[in-house]
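Q: Okay, handing you the structure first.
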Amino acid sequence: MNDIPSKYNPKETEEKWYQFWEENNLFHAQVNPQKKPYCIVIPPPNITGILHMGHALNNTIQDILVRFYRMQGANALWMPGTDHAGIATQNVVEKEIYQEGLSRQDLGREKFLERVWQWKEKYGSTIITQLKKLGCCCDWVRTRFTMDEQYSTSVSEVFIQLAQQDLIYKANYIINWCPRCQTALSDEESQHKEVSGKLYYIKYPLKPVSQAEPADQLTSRPADYIIVATTRPETMLGDQALAVNPRDKRYKKLIGQSVILPLVNEEIPLIADSAVDPKFGTGIVKVTPAHDPNDFEIAQRHKLTAKVVMNPDGTMSQNVPLDYRELDRFEAREAILEDLQERGLLEKVEQHLHSVGHCYRCHTMVEPYLSEQWFVDLPKLGKQATDVVTKGKIRFYPQRWRKVYLNWMKNLRGWCISRQIWWGHRIPAWYCIDCKKTYDFFRQGKVLLSEKINLLEAGIIVAEQNPNFCPKCGGTNIRQDEDVLDTWFSSWLWPFATFGWPVLDKEEKQELNYFYPTDVLVTAQEIIFFWVARMIMAGMYFMKEIPFRDVYIHGTVRDITGTKMSKSLGNIIDPLEIITQYGCDALRFSIISLVATGQDVFLSRERFESGRNFANKIWNASRFILSNLDKQKVGVDLCLFANSITELKDKWILSRFYQTLDSVTKALKNYRFNDAAKTAYEFFWHEFCDWYIELAKKTISSDPTQVILYKMLEKSLRMLHPVMPFITEELWQNLPHAGKSIMVSNWPHLQKQFIDKKIDRQMELIISCITAIRNIRSVWEISPAAKVKVKISTGKAAVEKLLKSHSAYLQDLAKIEDLEIGQNLKRPKSSAVAVIPNAEIFVCLAGAIDVEKEAARLKQKIKDLENILRNSAKKLNNKQFLTRAPEAVIRQTKEKNAQLKESIRKLKDNLKGF
RNA sequence: GGGCGGUUGGCGCAGAUGGUUAGCGCGCAACGUUGACAUCGUUGAGGUCACAGGUUCGAAUCCUGUACCGCCCACCA
């Protein structure tokens, strides 16, 4: 024992064993037809990522599953990799070169990309290193990156296939535009946030009746104008109409008339469209097709044109009056308001709370923006992806996410996949410059709202490589599309592209067939739409098969006040710091104990103490057992040894272990991680350590005790290994008959024959006896020298026999020097009383007893029990209960009732003696 | 506007398909150097399970409604 320190030191062991596992190639899985595969693909972290608690939770769960199923005999593969994270990474590198006083345009595309690759080489694997610190058993030799050459081939293959099937198209469409990142975003990348803004009521003059009053001098005279409410006055410069609801009586007469757009002095029509809500504002909307998705649709219905009034950077474009050009959109708003005010065209301003899209990468307010982009026709891909979930081929855990998923699938819209950035997969499309000239997208700033662009007419060629000449006009003036693809356009292929699809050699084909579909996808709710839904769509379309059978959605990690952890809020708890301070196993155990299925996890530093304490408990229990172990004795097979196990405590701990094992196994299979962790914890600490090891101290050198101690420890370590890989490996390696590594050992086999509820009950009786004695001692502060009498209820020979034959247990654990057990015992005068089922306990006091104190204590006990008795008696007096409740419940209630009555009677009898 | 979660002792949480004397961890109180562990042990105090109805022999658990707290979705001009 001297050579093992009394404190577990995680630092040394973690590094040592992780290296050992890697060096021995234990994470690597290969096709093996003899074995069932178990496969998880990691949600690829961004290369810009640094490990946070969300990662820690997410990857701990996956690691537990992979280790568990591997021990269960599966051929387990955890496929790792990273995501190139287009916008995020580009932003990081841009910031870096900005420090040097440069922009990416200064560098040029090629140089810039070089820089990004350099950055990736330097920092891109930080997250991987950190995952290793977490103990993750990923098959690292397979590590993929979404920008790998092979992976990129998958991406362009997918683009081309979809384009050929008309599932990818190009269109002039209104999309979400981030003026800071200067790129289009998908709907999911624009995150709505409540903003308290203002609602401006602006007067739009009706077209003048007489020539005498030129339009530009129009001011506010009642009946000469109508009022429009808007939150974004700067977009009025692009108004193409005003609209009212056709059923709105107030404005019926005005439909078809024209108004003069203030500041611009253009004549625009007043139209009727049922999308207008008469109750909002004045019931009249301005229609700005190029800068509002609603208006865009109205404009489509009414064949209006659109005018784009902003530049990509959010300043006002050439299409607006000189005064406003080049002004930032928010400066322009102020200037316009000022001018309107001056002309008396600003009726009033109201406070207005509304929700506005923000860029999910830089949090800038997103601008709805008409532009030419590429789209995936998601509605067409949705059908199968919906069916596999409706029919239960893919199951969500917890189930409630199913509904969320299906609801989203019901409302699919075109997915904007082109990004105006440089870092990413370049779109495999080429333009014939000559054809493009003739295909007029934008006519003098006014755009005809035809949604889809005819690729051939526009001279667009979708192909793997530069086609060199235009199939339409034969011209050779050809250029590749400048845009790159949305990052999620590569991630949605992750479950099969990581296996090399579609360019597969024989071996790869085997692997894909073997490991796909994968078993489970473990992720957080935020990413269901971004990623999970799209992977299902891609899987169904390209593989004709689901990508995973189960989707386990875990909660979000929050701080103790319930706020999401984020760097900018400074409420982060760094997992690496926790690992340094408490150890990796402590981190894993603690975090996993907190994840009740799908509930959010609230963390504070102190939470990790429980994990650390548990690790230390395991450490010291093992230390004790190992230092007392006779290596010669413990090598036997437990089943063969079973006949030699005759003692209650031995039978009991085996019974309890196998029940625990059964629960833990089931919990892990059902993704009930906190149950698994807590059940194992409860058993190891409060049954094995508190009772078994304590009792074993007296018989430590006997053969059965040696074997049981060894077997229970060894099996418990295996049971705990998925959750606490490092400490279990360290200790297991110290066992005399250990194999190569605990991580490739077998999950303990459930030996049901050792489960014995009768044994459990016998032990429970003894435990309650010991607890009762301790209780009295604690109340009266009695020394162990005191005599204890246990009076068995008349006729309860079995109880008498049980307690007599295990009097050593009582003497050891209750520290009794003088113990008497029998049916015909009298309560000694100076003694305190406790009652347990079928027995009474008298603990003799050294001096005279404080009669009042003891009487009060007994009275309180009686009162408590009588309260409980009243409830069960009520049930038994209820005829309905007796006729309708199941028999087993009635029997139990009767037994309980009798037991309570007996206890109360005994207590009352004893009370008489005081 | 729609949807989803939460509300259980001072704090943080468990309580899958209704029957427990309502549990656990932390904290608190008292005691404790008994052959691993003070990152420990023993004992204890502390809860009408948010509220109001309902279903049921029986509800923390199922249904309806209310109130707070939180999240997600939505083309609230």
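Going through the structure tokens in order, the chains are called A, B, and so on, while each chain numbers its residues from 1 and the ligands are numbered from 1 in the order shown.
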Within 10 Å of chain A, which residues of chain B are there when counting only C-alpha atoms (C1' of nucleotides)? Please give them as a PyMOL selection string.
A: chain B and resi 3-6+12-14+16+19+21+24-26+30-31+34-37+39-44+57-58+70-77
Q: Env of range 177-184 of chain A: 9 Å cut, atoms = only C-alpha atoms (C1' of nucleotides), seq-sep filter 6 positions within chain, self excluded. Answer as a PyMOL selection string.
A: chain A and resi 87+91+190+311-315+358-359+361-371+373+416-421
Q: So, counting only C-alpha atoms, which residue among A:Gly539, A:Gly392, A:Pro321, A:Pro246 is closest to Thr518 in chain A?
A: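 Distance minimum relative to Thr518 in chain A lands on A:Gly539.
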Q: Would you please work out which residue, of B:G23, B:A38, B:U7, B:G2, is nearest to C68 in chain B when using only C-alpha atoms (C1' of nucleotides)?
A: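 Nearest candidate to C68 in chain B out of B:G23, B:A38, B:U7, B:G2: B:U7.
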Q: Using DSSP on the backbone, list every residue of range 710-809 of chain A that comes out as helix (DSSP H, G or I), and give them as a CSV table (one decimal) with C-alpha atoms, in the first residue's frame.
A:
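The resulting file, out_17.csv, is reproduced below:
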chain,number,residue,atom,x,y,z
A,710,TYR,CA,-11.1,-9.0,-6.8
A,711,LYS,CA,-14.0,-9.9,-9.1
A,712,MET,CA,-16.2,-7.1,-7.9
A,713,LEU,CA,-13.5,-4.5,-8.4
A,714,GLU,CA,-12.4,-5.9,-11.7
A,715,LYS,CA,-15.9,-6.0,-13.1
A,716,SER,CA,-16.8,-2.6,-11.6
A,717,LEU,CA,-13.8,-1.1,-13.4
A,718,ARG,CA,-15.0,-2.5,-16.6
A,719,MET,CA,-18.5,-1.3,-16.0
A,720,LEU,CA,-17.2,2.2,-15.3
A,725,PRO,CA,-11.6,5.6,-19.1
A,726,PHE,CA,-8.3,6.7,-17.6
A,727,ILE,CA,-8.6,5.8,-13.9
A,728,THR,CA,-10.2,2.4,-14.8
A,729,GLU,CA,-7.3,1.6,-17.2
A,730,GLU,CA,-4.7,2.6,-14.7
A,731,LEU,CA,-6.2,0.5,-11.9
A,732,TRP,CA,-7.1,-2.4,-14.2
A,733,GLN,CA,-3.5,-2.6,-15.4
A,742,ILE,CA,-9.5,-2.5,-20.4
A,743,MET,CA,-10.8,-0.7,-23.4
A,744,VAL,CA,-10.7,-3.9,-25.5
A,752,LYS,CA,-28.5,-13.7,-13.7
A,753,GLN,CA,-28.1,-16.7,-11.5
A,754,PHE,CA,-26.3,-14.5,-9.0
A,757,LYS,CA,-33.8,-10.9,-4.1
A,758,LYS,CA,-34.2,-13.0,-1.0
A,759,ILE,CA,-30.5,-12.5,-0.2
A,760,ASP,CA,-31.0,-8.8,-0.8
A,761,ARG,CA,-33.8,-8.7,1.7
A,762,GLN,CA,-31.8,-10.5,4.3
A,763,MET,CA,-29.0,-8.1,4.0
A,764,GLU,CA,-31.3,-5.2,4.1
A,765,LEU,CA,-32.6,-6.5,7.5
A,766,ILE,CA,-29.1,-6.6,8.8
A,767,ILE,CA,-28.3,-3.2,7.5
A,768,SER,CA,-31.4,-1.7,9.0
A,769,CYS,CA,-30.4,-3.3,12.3
A,770,ILE,CA,-27.0,-1.9,12.2
A,771,THR,CA,-28.3,1.5,11.2
A,772,ALA,CA,-30.8,1.5,14.0
A,773,ILE,CA,-28.1,0.8,16.6
A,774,ARG,CA,-25.9,3.5,15.1
A,775,ASN,CA,-28.8,5.9,15.3
A,776,ILE,CA,-29.4,5.3,19.0
A,777,ARG,CA,-25.7,5.6,19.7
A,778,SER,CA,-25.6,8.9,17.9
A,779,VAL,CA,-28.7,10.3,19.7
A,780,TRP,CA,-27.4,9.2,23.1
A,797,ALA,CA,-37.2,-18.2,14.0
A,798,ALA,CA,-35.8,-17.3,10.6
A,799,VAL,CA,-35.0,-13.8,11.7
A,800,GLU,CA,-33.4,-15.0,14.8
A,801,LYS,CA,-31.3,-17.5,12.9
A,802,LEU,CA,-30.3,-14.8,10.4
A,803,LEU,CA,-29.3,-12.3,12.9
A,804,LYS,CA,-27.6,-14.8,15.2
A,805,SER,CA,-25.6,-16.3,12.4
A,807,SER,CA,-23.9,-11.3,14.6
A,808,ALA,CA,-20.4,-10.7,13.5
A,809,TYR,CA,-21.7,-8.2,11.0
Q: If we count only C-alpha atoms (C1' of nucleotides) and set the cut-off at 12 Å, which residues sit around U64 in chain B, ignoring sequence neighbours fewer than 5 positions away in its own chain? Please answer as a PyMOL selection string.
A: chain B and resi 52-55
